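Trainee: Supplied structure: start_11.cif, mmCIF, N, CA and C atoms.
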data_structure
loop_
_atom_site.label_atom_id
_atom_site.label_comp_id
_atom_site.auth_asym_id
_atom_site.auth_seq_id
_atom_site.Cartn_x
_atom_site.Cartn_y
_atom_site.Cartn_z
N MET A 167 27.68 -5.48 6.49
CA MET A 167 26.29 -5.21 6.74
C MET A 167 25.72 -6.34 7.57
N GLY A 168 24.94 -6.01 8.59
CA GLY A 168 24.37 -7.01 9.47
C GLY A 168 23.02 -7.48 8.98
N THR A 169 22.45 -8.39 9.74
CA THR A 169 21.13 -8.90 9.44
C THR A 169 20.26 -8.79 10.69
N LYS A 170 18.96 -8.76 10.47
CA LYS A 170 18.00 -8.75 11.56
C LYS A 170 17.11 -9.97 11.45
N ILE A 171 16.77 -10.51 12.59
CA ILE A 171 15.80 -11.60 12.64
C ILE A 171 14.52 -11.03 13.23
N HIS A 172 13.45 -11.10 12.48
CA HIS A 172 12.13 -10.65 12.94
C HIS A 172 11.38 -11.90 13.35
N LEU A 173 10.98 -11.96 14.62
CA LEU A 173 10.43 -13.18 15.19
C LEU A 173 8.98 -12.98 15.58
N LEU A 174 8.16 -13.98 15.31
CA LEU A 174 6.76 -13.99 15.72
C LEU A 174 6.56 -15.20 16.62
N CYS A 175 5.99 -14.96 17.82
CA CYS A 175 5.73 -16.08 18.73
C CYS A 175 4.33 -15.95 19.30
N ASP A 176 3.84 -17.02 19.88
CA ASP A 176 2.51 -16.98 20.49
C ASP A 176 2.62 -16.47 21.92
N GLY A 177 1.50 -16.45 22.62
CA GLY A 177 1.46 -15.93 23.98
C GLY A 177 2.20 -16.77 25.00
N ASN A 178 2.61 -17.98 24.62
CA ASN A 178 3.38 -18.84 25.52
C ASN A 178 4.87 -18.82 25.23
N GLY A 179 5.28 -18.02 24.26
CA GLY A 179 6.70 -17.94 23.93
C GLY A 179 7.16 -18.99 22.93
N VAL A 180 6.23 -19.66 22.29
CA VAL A 180 6.58 -20.66 21.28
C VAL A 180 6.81 -19.93 19.96
N PRO A 181 8.00 -20.06 19.38
CA PRO A 181 8.25 -19.37 18.12
C PRO A 181 7.40 -19.95 16.99
N LEU A 182 6.78 -19.06 16.21
CA LEU A 182 5.91 -19.50 15.12
C LEU A 182 6.57 -19.33 13.76
N ASP A 183 7.22 -18.21 13.55
CA ASP A 183 7.86 -17.96 12.26
C ASP A 183 8.87 -16.82 12.44
N PHE A 184 9.71 -16.65 11.43
CA PHE A 184 10.68 -15.57 11.46
C PHE A 184 10.95 -15.09 10.04
N GLU A 185 11.53 -13.94 9.95
CA GLU A 185 11.92 -13.35 8.67
C GLU A 185 13.29 -12.73 8.88
N ILE A 186 14.16 -12.88 7.90
CA ILE A 186 15.49 -12.29 7.97
C ILE A 186 15.57 -11.16 6.97
N THR A 187 16.07 -10.00 7.42
CA THR A 187 16.25 -8.85 6.54
C THR A 187 17.64 -8.27 6.76
N ALA A 188 17.99 -7.33 5.92
CA ALA A 188 19.25 -6.61 6.10
C ALA A 188 19.17 -5.79 7.37
N GLY A 189 20.31 -5.46 7.93
CA GLY A 189 20.37 -4.76 9.21
C GLY A 189 19.71 -3.39 9.21
N GLN A 190 19.71 -2.70 8.09
CA GLN A 190 19.17 -1.34 8.04
C GLN A 190 17.66 -1.31 7.79
N VAL A 191 17.04 -2.45 7.55
CA VAL A 191 15.60 -2.51 7.27
C VAL A 191 14.83 -2.35 8.57
N HIS A 192 13.79 -1.51 8.54
CA HIS A 192 12.96 -1.27 9.72
C HIS A 192 12.18 -2.53 10.09
N GLU A 193 11.93 -2.70 11.38
CA GLU A 193 11.25 -3.88 11.89
C GLU A 193 9.90 -4.12 11.22
N SER A 194 9.19 -3.05 10.94
CA SER A 194 7.83 -3.18 10.43
C SER A 194 7.76 -3.70 9.00
N GLN A 195 8.86 -3.72 8.28
CA GLN A 195 8.83 -4.15 6.89
C GLN A 195 8.53 -5.64 6.74
N ALA A 196 8.79 -6.42 7.75
CA ALA A 196 8.55 -7.86 7.68
C ALA A 196 7.21 -8.26 8.29
N PHE A 197 6.43 -7.29 8.74
CA PHE A 197 5.21 -7.57 9.49
C PHE A 197 4.20 -8.40 8.71
N GLU A 198 3.80 -7.92 7.53
CA GLU A 198 2.75 -8.61 6.77
C GLU A 198 3.17 -10.02 6.38
N GLU A 199 4.42 -10.19 5.96
CA GLU A 199 4.89 -11.52 5.58
C GLU A 199 4.82 -12.50 6.76
N LEU A 200 5.22 -12.03 7.94
CA LEU A 200 5.17 -12.89 9.12
C LEU A 200 3.73 -13.26 9.47
N MET A 201 2.86 -12.28 9.46
CA MET A 201 1.48 -12.54 9.85
C MET A 201 0.76 -13.42 8.83
N GLU A 202 1.05 -13.26 7.56
CA GLU A 202 0.40 -14.07 6.52
C GLU A 202 0.90 -15.52 6.54
N ALA A 203 2.13 -15.72 7.00
CA ALA A 203 2.73 -17.06 6.98
C ALA A 203 2.17 -17.97 8.08
N VAL A 204 1.60 -17.39 9.11
CA VAL A 204 1.18 -18.19 10.27
C VAL A 204 -0.34 -18.32 10.31
N LYS A 205 -0.80 -19.54 10.40
CA LYS A 205 -2.22 -19.84 10.61
C LYS A 205 -2.31 -20.59 11.94
N ILE A 206 -3.03 -20.03 12.86
CA ILE A 206 -3.12 -20.60 14.20
C ILE A 206 -4.34 -21.52 14.28
N PRO A 207 -4.13 -22.80 14.60
CA PRO A 207 -5.28 -23.71 14.70
C PRO A 207 -6.14 -23.33 15.91
N GLN A 208 -7.45 -23.41 15.72
CA GLN A 208 -8.38 -23.03 16.76
C GLN A 208 -9.21 -24.24 17.19
N PRO A 209 -9.80 -24.18 18.37
CA PRO A 209 -10.68 -25.27 18.81
C PRO A 209 -11.87 -25.41 17.86
N LYS A 210 -12.50 -26.58 17.89
CA LYS A 210 -13.65 -26.84 17.02
C LYS A 210 -14.75 -25.81 17.28
N GLY A 211 -15.41 -25.45 16.19
CA GLY A 211 -16.49 -24.47 16.31
C GLY A 211 -16.01 -23.03 16.25
N ARG A 212 -14.72 -22.84 16.11
CA ARG A 212 -14.18 -21.48 16.05
C ARG A 212 -13.28 -21.39 14.81
N PRO A 213 -13.77 -20.81 13.73
CA PRO A 213 -13.04 -20.84 12.47
C PRO A 213 -11.86 -19.86 12.39
N ARG A 214 -11.68 -19.03 13.35
CA ARG A 214 -10.65 -17.99 13.29
C ARG A 214 -9.25 -18.61 13.23
N SER A 215 -8.42 -18.09 12.31
CA SER A 215 -7.05 -18.59 12.21
C SER A 215 -6.04 -17.50 12.54
N ARG A 216 -6.51 -16.43 13.12
CA ARG A 216 -5.64 -15.33 13.52
C ARG A 216 -5.85 -15.06 15.01
N PRO A 217 -4.88 -14.42 15.65
CA PRO A 217 -5.06 -14.12 17.08
C PRO A 217 -6.12 -13.03 17.29
N ASP A 218 -6.66 -12.96 18.50
CA ASP A 218 -7.61 -11.90 18.84
C ASP A 218 -6.88 -10.58 19.05
N LYS A 219 -5.69 -10.65 19.64
CA LYS A 219 -4.90 -9.45 19.94
C LYS A 219 -3.47 -9.67 19.49
N LEU A 220 -2.79 -8.56 19.21
CA LEU A 220 -1.38 -8.63 18.85
C LEU A 220 -0.65 -7.55 19.64
N ALA A 221 0.29 -7.97 20.49
CA ALA A 221 1.10 -7.02 21.26
C ALA A 221 2.42 -6.79 20.54
N ALA A 222 2.78 -5.53 20.39
CA ALA A 222 4.02 -5.17 19.72
C ALA A 222 4.53 -3.86 20.32
N ASP A 223 5.79 -3.54 20.04
CA ASP A 223 6.33 -2.30 20.57
C ASP A 223 5.96 -1.12 19.66
N LYS A 224 6.38 0.07 20.06
CA LYS A 224 5.99 1.30 19.37
C LYS A 224 6.43 1.37 17.92
N ALA A 225 7.45 0.62 17.55
CA ALA A 225 7.93 0.63 16.17
C ALA A 225 6.87 0.12 15.21
N TYR A 226 5.94 -0.66 15.70
CA TYR A 226 4.89 -1.23 14.86
C TYR A 226 3.64 -0.36 14.81
N ARG A 227 3.65 0.78 15.44
CA ARG A 227 2.49 1.67 15.43
C ARG A 227 2.57 2.56 14.18
N MET A 228 2.16 2.00 13.09
CA MET A 228 2.15 2.69 11.82
C MET A 228 0.76 2.55 11.21
N PRO A 229 0.30 3.55 10.47
CA PRO A 229 -1.04 3.44 9.87
C PRO A 229 -1.22 2.18 9.02
N ARG A 230 -0.20 1.79 8.28
CA ARG A 230 -0.28 0.60 7.43
C ARG A 230 -0.52 -0.66 8.26
N ILE A 231 0.19 -0.79 9.37
CA ILE A 231 0.05 -1.97 10.22
C ILE A 231 -1.27 -1.94 10.98
N LEU A 232 -1.64 -0.78 11.50
CA LEU A 232 -2.91 -0.67 12.22
C LEU A 232 -4.08 -0.99 11.29
N ALA A 233 -4.01 -0.54 10.03
CA ALA A 233 -5.06 -0.84 9.05
C ALA A 233 -5.11 -2.33 8.76
N TRP A 234 -3.94 -2.97 8.62
CA TRP A 234 -3.90 -4.41 8.35
C TRP A 234 -4.54 -5.17 9.50
N LEU A 235 -4.21 -4.79 10.72
CA LEU A 235 -4.79 -5.46 11.89
C LEU A 235 -6.31 -5.27 11.94
N ARG A 236 -6.75 -4.05 11.67
CA ARG A 236 -8.19 -3.77 11.68
C ARG A 236 -8.90 -4.59 10.59
N ASP A 237 -8.31 -4.68 9.41
CA ASP A 237 -8.91 -5.44 8.31
C ASP A 237 -9.03 -6.92 8.63
N HIS A 238 -8.14 -7.43 9.47
CA HIS A 238 -8.15 -8.86 9.83
C HIS A 238 -8.80 -9.12 11.19
N GLY A 239 -9.41 -8.11 11.78
CA GLY A 239 -10.13 -8.30 13.03
C GLY A 239 -9.25 -8.58 14.23
N ILE A 240 -8.04 -8.03 14.23
CA ILE A 240 -7.10 -8.24 15.33
C ILE A 240 -6.97 -6.92 16.09
N GLN A 241 -7.13 -6.99 17.39
CA GLN A 241 -7.00 -5.79 18.21
C GLN A 241 -5.52 -5.50 18.46
N PRO A 242 -5.04 -4.31 18.06
CA PRO A 242 -3.64 -3.99 18.32
C PRO A 242 -3.43 -3.60 19.78
N VAL A 243 -2.39 -4.13 20.37
CA VAL A 243 -1.98 -3.74 21.72
C VAL A 243 -0.60 -3.13 21.56
N ILE A 244 -0.59 -1.91 21.04
CA ILE A 244 0.64 -1.21 20.72
C ILE A 244 0.56 0.17 21.36
N PRO A 245 1.51 0.53 22.23
CA PRO A 245 1.44 1.84 22.87
C PRO A 245 1.65 2.97 21.88
N LYS A 246 1.13 4.14 22.24
CA LYS A 246 1.29 5.31 21.39
C LYS A 246 2.72 5.81 21.44
N LYS A 247 3.14 6.39 20.33
CA LYS A 247 4.46 7.02 20.29
C LYS A 247 4.38 8.35 21.04
N ILE A 248 5.51 8.81 21.52
CA ILE A 248 5.55 10.06 22.28
C ILE A 248 5.10 11.23 21.42
N ASN A 249 5.52 11.24 20.16
CA ASN A 249 5.20 12.37 19.29
C ASN A 249 3.86 12.22 18.57
N GLU A 250 3.10 11.20 18.88
CA GLU A 250 1.81 10.97 18.21
C GLU A 250 0.74 11.88 18.79
N LYS A 251 0.04 12.56 17.91
CA LYS A 251 -1.02 13.48 18.34
C LYS A 251 -2.29 12.68 18.62
N PRO A 252 -3.03 13.09 19.66
CA PRO A 252 -4.28 12.38 19.96
C PRO A 252 -5.31 12.62 18.86
N LYS A 253 -6.11 11.58 18.57
CA LYS A 253 -7.14 11.69 17.54
C LYS A 253 -8.36 12.39 18.12
N VAL A 254 -9.07 13.09 17.27
CA VAL A 254 -10.30 13.75 17.66
C VAL A 254 -11.40 12.70 17.69
N GLY A 255 -12.25 12.76 18.71
CA GLY A 255 -13.35 11.81 18.81
C GLY A 255 -13.15 10.87 19.98
N ARG A 256 -13.61 9.66 19.82
CA ARG A 256 -13.55 8.67 20.89
C ARG A 256 -12.09 8.30 21.18
N PRO A 257 -11.67 8.37 22.44
CA PRO A 257 -10.28 8.00 22.76
C PRO A 257 -10.03 6.51 22.53
N GLU A 258 -8.85 6.22 22.06
CA GLU A 258 -8.47 4.83 21.79
C GLU A 258 -8.11 4.14 23.11
N SER A 259 -8.62 2.93 23.27
CA SER A 259 -8.31 2.19 24.50
C SER A 259 -7.00 1.43 24.34
N PHE A 260 -6.32 1.23 25.45
CA PHE A 260 -5.06 0.49 25.45
C PHE A 260 -5.11 -0.53 26.58
N ASP A 261 -4.94 -1.79 26.25
CA ASP A 261 -5.03 -2.88 27.21
C ASP A 261 -3.67 -3.10 27.86
N LYS A 262 -3.46 -2.48 29.02
CA LYS A 262 -2.18 -2.58 29.71
C LYS A 262 -1.87 -4.00 30.16
N GLU A 263 -2.90 -4.73 30.57
CA GLU A 263 -2.69 -6.12 31.02
C GLU A 263 -2.22 -7.00 29.87
N ALA A 264 -2.81 -6.82 28.70
CA ALA A 264 -2.39 -7.61 27.54
C ALA A 264 -0.97 -7.22 27.12
N TYR A 265 -0.62 -5.95 27.28
CA TYR A 265 0.71 -5.50 26.88
C TYR A 265 1.80 -6.08 27.79
N LYS A 266 1.44 -6.38 29.03
CA LYS A 266 2.40 -6.99 29.95
C LYS A 266 2.86 -8.36 29.44
N GLY A 267 2.01 -8.99 28.65
CA GLY A 267 2.37 -10.29 28.08
C GLY A 267 3.41 -10.20 26.98
N ARG A 268 3.76 -9.00 26.56
CA ARG A 268 4.74 -8.83 25.49
C ARG A 268 6.14 -9.26 25.93
N ASN A 269 6.37 -9.34 27.23
CA ASN A 269 7.67 -9.80 27.70
C ASN A 269 7.96 -11.22 27.25
N VAL A 270 6.91 -11.98 26.92
CA VAL A 270 7.09 -13.34 26.40
C VAL A 270 7.87 -13.29 25.09
N VAL A 271 7.59 -12.28 24.27
CA VAL A 271 8.31 -12.11 23.01
C VAL A 271 9.78 -11.83 23.28
N GLU A 272 10.04 -10.95 24.24
CA GLU A 272 11.42 -10.62 24.59
C GLU A 272 12.16 -11.85 25.12
N CYS A 273 11.46 -12.66 25.90
CA CYS A 273 12.08 -13.90 26.39
C CYS A 273 12.38 -14.86 25.25
N CYS A 274 11.50 -14.92 24.27
CA CYS A 274 11.73 -15.79 23.12
C CYS A 274 12.93 -15.30 22.32
N VAL A 275 13.05 -14.00 22.15
CA VAL A 275 14.22 -13.44 21.45
C VAL A 275 15.48 -13.72 22.25
N GLY A 276 15.40 -13.56 23.58
CA GLY A 276 16.54 -13.87 24.44
C GLY A 276 16.96 -15.32 24.35
N TRP A 277 15.96 -16.22 24.29
CA TRP A 277 16.28 -17.64 24.12
C TRP A 277 17.00 -17.87 22.80
N LEU A 278 16.54 -17.23 21.74
CA LEU A 278 17.18 -17.42 20.43
C LEU A 278 18.61 -16.90 20.45
N LYS A 279 18.85 -15.83 21.19
CA LYS A 279 20.20 -15.28 21.28
C LYS A 279 21.12 -16.15 22.13
N GLU A 280 20.55 -17.04 22.92
CA GLU A 280 21.38 -17.98 23.67
C GLU A 280 22.03 -19.00 22.75
N CYS A 281 21.46 -19.20 21.59
CA CYS A 281 22.04 -20.10 20.59
C CYS A 281 23.23 -19.37 19.98
N ARG A 282 24.40 -19.69 20.44
CA ARG A 282 25.61 -18.95 20.08
C ARG A 282 25.84 -18.88 18.57
N ARG A 283 25.54 -19.93 17.90
CA ARG A 283 25.75 -19.99 16.46
C ARG A 283 24.88 -18.96 15.73
N ILE A 284 23.70 -18.69 16.28
CA ILE A 284 22.80 -17.71 15.69
C ILE A 284 23.19 -16.30 16.11
N LEU A 285 23.53 -16.13 17.38
CA LEU A 285 23.90 -14.82 17.89
C LEU A 285 25.09 -14.24 17.14
N THR A 286 26.11 -15.05 16.93
CA THR A 286 27.32 -14.56 16.27
C THR A 286 27.29 -14.73 14.76
N ARG A 287 26.26 -15.38 14.26
CA ARG A 287 26.08 -15.68 12.83
C ARG A 287 27.35 -16.29 12.24
N PHE A 288 27.62 -17.50 12.66
CA PHE A 288 28.75 -18.24 12.11
C PHE A 288 28.55 -18.51 10.63
N GLU A 289 27.31 -18.72 10.23
CA GLU A 289 27.01 -19.07 8.85
C GLU A 289 27.13 -17.84 7.96
N LYS A 290 27.85 -17.96 6.87
CA LYS A 290 28.02 -16.83 5.95
C LYS A 290 26.88 -16.73 4.95
N LYS A 291 26.38 -17.87 4.50
CA LYS A 291 25.28 -17.86 3.53
C LYS A 291 23.95 -17.79 4.26
N ALA A 292 23.03 -17.02 3.70
CA ALA A 292 21.72 -16.84 4.32
C ALA A 292 20.95 -18.15 4.43
N VAL A 293 21.06 -19.00 3.43
CA VAL A 293 20.33 -20.27 3.46
C VAL A 293 20.82 -21.15 4.61
N ASN A 294 22.09 -21.14 4.90
CA ASN A 294 22.62 -21.91 6.04
C ASN A 294 22.19 -21.29 7.36
N PHE A 295 22.16 -19.96 7.41
CA PHE A 295 21.73 -19.25 8.62
C PHE A 295 20.27 -19.56 8.93
N VAL A 296 19.43 -19.55 7.90
CA VAL A 296 18.02 -19.90 8.07
C VAL A 296 17.88 -21.33 8.57
N GLY A 297 18.70 -22.22 8.04
CA GLY A 297 18.68 -23.62 8.49
C GLY A 297 19.03 -23.74 9.97
N MET A 298 19.99 -22.95 10.43
CA MET A 298 20.36 -23.00 11.85
C MET A 298 19.22 -22.46 12.73
N ILE A 299 18.50 -21.45 12.25
CA ILE A 299 17.36 -20.94 13.01
C ILE A 299 16.27 -22.00 13.07
N HIS A 300 16.04 -22.69 11.96
CA HIS A 300 15.07 -23.78 11.97
C HIS A 300 15.49 -24.88 12.96
N MET A 301 16.77 -25.19 13.01
CA MET A 301 17.26 -26.18 13.97
C MET A 301 17.00 -25.71 15.41
N ALA A 302 17.21 -24.43 15.67
CA ALA A 302 16.96 -23.88 17.01
C ALA A 302 15.47 -23.97 17.34
N PHE A 303 14.61 -23.70 16.37
CA PHE A 303 13.17 -23.82 16.58
C PHE A 303 12.80 -25.26 16.92
N ILE A 304 13.37 -26.21 16.19
CA ILE A 304 13.07 -27.62 16.44
C ILE A 304 13.50 -28.01 17.85
N GLU A 305 14.68 -27.55 18.25
CA GLU A 305 15.15 -27.83 19.61
C GLU A 305 14.18 -27.26 20.64
N ARG A 306 13.71 -26.05 20.40
CA ARG A 306 12.76 -25.40 21.31
C ARG A 306 11.45 -26.20 21.38
N TYR A 307 10.93 -26.63 20.22
CA TYR A 307 9.70 -27.42 20.20
C TYR A 307 9.86 -28.72 20.97
N LEU A 308 11.00 -29.39 20.80
CA LEU A 308 11.23 -30.65 21.49
C LEU A 308 11.32 -30.44 23.01
N ARG A 309 11.93 -29.34 23.43
CA ARG A 309 12.00 -29.06 24.87
C ARG A 309 10.62 -28.79 25.45
N ILE A 310 9.78 -28.13 24.67
CA ILE A 310 8.42 -27.85 25.14
C ILE A 310 7.61 -29.15 25.23
N LEU A 311 7.78 -30.03 24.23
CA LEU A 311 7.01 -31.27 24.21
C LEU A 311 7.48 -32.26 25.29
N PHE A 312 8.77 -32.30 25.55
CA PHE A 312 9.29 -33.29 26.48
C PHE A 312 9.85 -32.61 27.69
#
Have the structure of the file written as structure tokens, please.
Mentor:
Amino acid sequence: MGTKIHLLCDGNGVPLDFEITAGQVHESQAFEELMEAVKIPQPKGRPRSRPDKLAADKAYRMPRILAWLRDHGIQPVIPKKINEKPKVGRPESFDKEAYKGRNVVECCVGWLKECRRILTRFEKKAVNFVGMIHMAFIERYLRILF
């Protein structure tokens, strides 16, 4: 059985947190845990600790996730699924420009996959695997700083 790494990064591609699940677990199952784990520092005078917008792929377009985002004042930038029926009333807006920024997430995932030890999962124990991901994050932070 494989494992999945669910990654959360900011708009600049800096990894913020991750969650590891079994391979058969849907991507959206780790959503709330990832979002609750991260508090984003804001400039003075702005108490918000969550992002204004969240870009994600169609797998995250679920009523549970959309409700969570709405409850926390975060605008979802998630495209509609092909089989999704249009809602009656005011049409929902979709920010195409903000969604273009989602490629930053894909680049961050690609960077993580460049770490051969993580890609092939040399570590058999989950605790060791998590440690290697933390090491990769530290390396990424140091490259950004220097």
Trainee: Run DSSP on the backbone and give me the residues of range 168-248 of chain A it puts in strand (DSSP E), as a PyMOL selection string.
Mentor: chain A and resi 169-175+181-188+219-221+241-243
Trainee: Could you check which of A:Leu174, A:Val191, A:Val180, A:Ala221 is closest to Arg268 in chain A, using all atoms listed in the file?
Mentor: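 Smallest distance to Arg268 in chain A is found for A:Ala221.
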Trainee: Mind listing the helix (DSSP H, G or I) residues of range 196-296 of chain A, per DSSP on the backbone, as a ChimeraX atom specification?
Mentor: /A:196-203,224-226,229-237,262-266,269-280,282-285,292-296
Trainee: Enumerate, as an MDAnalysis selection string, the protein, DNA and RNA residues whose atoms approach (8.3, -7.1, 20.4) to within 6 Å, taking into account all atoms listed in the file and the coordinate frame of the file.
Mentor: chainID A and resid 221:223 271:272
Trainee: Starting from the displayed file, determine the output of the PyMOL selection byres (((chain A and resi 184 and name CA) around 9) and name CA) and express the residue list as a ChimeraX atom specification.
Mentor: /A:171-175,181-183,185-186,196,200,299
Trainee: One decimal, in Å: what's the spacing between atom C of Phe295 in chain A and atom C of Arg283 in chain A?
Mentor: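 Between these atoms lies a distance of 8.2 Å.
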Trainee: The PyMOL selection byres ((chain A and resi 270) around 8) on the file shown: which residues, as an mmCIF file with N, CA and C atoms, in the coordinates of the input?
Mentor:
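Output file out-v1.cif follows:
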data_model
loop_
_atom_site.group_PDB
_atom_site.id
_atom_site.type_symbol
_atom_site.label_atom_id
_atom_site.label_comp_id
_atom_site.auth_asym_id
_atom_site.auth_seq_id
_atom_site.Cartn_x
_atom_site.Cartn_y
_atom_site.Cartn_z
ATOM 1 N N CYS A 175 5.990 -14.960 17.820
ATOM 2 C CA CYS A 175 5.730 -16.080 18.730
ATOM 3 C C CYS A 175 4.330 -15.950 19.300
ATOM 4 N N ASP A 176 3.840 -17.020 19.880
ATOM 5 C CA ASP A 176 2.510 -16.980 20.490
ATOM 6 C C ASP A 176 2.620 -16.470 21.920
ATOM 7 N N GLY A 177 1.500 -16.450 22.620
ATOM 8 C CA GLY A 177 1.460 -15.930 23.980
ATOM 9 C C GLY A 177 2.200 -16.770 25.000
ATOM 10 N N ASN A 178 2.610 -17.980 24.620
ATOM 11 C CA ASN A 178 3.380 -18.840 25.520
ATOM 12 C C ASN A 178 4.870 -18.820 25.230
ATOM 13 N N GLY A 179 5.280 -18.020 24.260
ATOM 14 C CA GLY A 179 6.700 -17.940 23.930
ATOM 15 C C GLY A 179 7.160 -18.990 22.930
ATOM 16 N N VAL A 180 6.230 -19.660 22.290
ATOM 17 C CA VAL A 180 6.580 -20.660 21.280
ATOM 18 C C VAL A 180 6.810 -19.930 19.960
ATOM 19 N N TYR A 265 -0.620 -5.950 27.280
ATOM 20 C CA TYR A 265 0.710 -5.500 26.880
ATOM 21 C C TYR A 265 1.800 -6.080 27.790
ATOM 22 N N LYS A 266 1.440 -6.380 29.030
ATOM 23 C CA LYS A 266 2.400 -6.990 29.950
ATOM 24 C C LYS A 266 2.860 -8.360 29.440
ATOM 25 N N GLY A 267 2.010 -8.990 28.650
ATOM 26 C CA GLY A 267 2.370 -10.290 28.080
ATOM 27 C C GLY A 267 3.410 -10.200 26.980
ATOM 28 N N ARG A 268 3.760 -9.000 26.560
ATOM 29 C CA ARG A 268 4.740 -8.830 25.490
ATOM 30 C C ARG A 268 6.140 -9.260 25.930
ATOM 31 N N ASN A 269 6.370 -9.340 27.230
ATOM 32 C CA ASN A 269 7.670 -9.800 27.700
ATOM 33 C C ASN A 269 7.960 -11.220 27.250
ATOM 34 N N VAL A 271 7.590 -12.280 24.270
ATOM 35 C CA VAL A 271 8.310 -12.110 23.010
ATOM 36 C C VAL A 271 9.780 -11.830 23.280
ATOM 37 N N GLU A 272 10.040 -10.950 24.240
ATOM 38 C CA GLU A 272 11.420 -10.620 24.590
ATOM 39 C C GLU A 272 12.160 -11.850 25.120
ATOM 40 N N CYS A 273 11.460 -12.660 25.900
ATOM 41 C CA CYS A 273 12.080 -13.900 26.390
ATOM 42 C C CYS A 273 12.380 -14.860 25.250
ATOM 43 N N CYS A 274 11.500 -14.920 24.270
ATOM 44 C CA CYS A 274 11.730 -15.790 23.120
ATOM 45 C C CYS A 274 12.930 -15.300 22.320
ATOM 46 N N VAL A 275 13.050 -14.000 22.150
ATOM 47 C CA VAL A 275 14.220 -13.440 21.450
ATOM 48 C C VAL A 275 15.480 -13.720 22.250
ATOM 49 N N GLY A 276 15.400 -13.560 23.580
ATOM 50 C CA GLY A 276 16.540 -13.870 24.440
ATOM 51 C C GLY A 276 16.960 -15.320 24.350
#
Trainee: Ala188 in chain A: which residues within 9 Å, counting only C-alpha atoms, same-chain residues fewer than 6 positions away excluded, as a list in words?
Mentor: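 Counting only the stated atoms, we get Met167, Gly168, Thr169, Lys170 and Ile171 of chain A.
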Trainee: Carefully work through the PyMOL selection byres ((chain A and resi 246-257) around 7) for this structure and note down the residues it includes, as a ChimeraX atom specification.
Mentor: /A:224,227,244-245,258-259
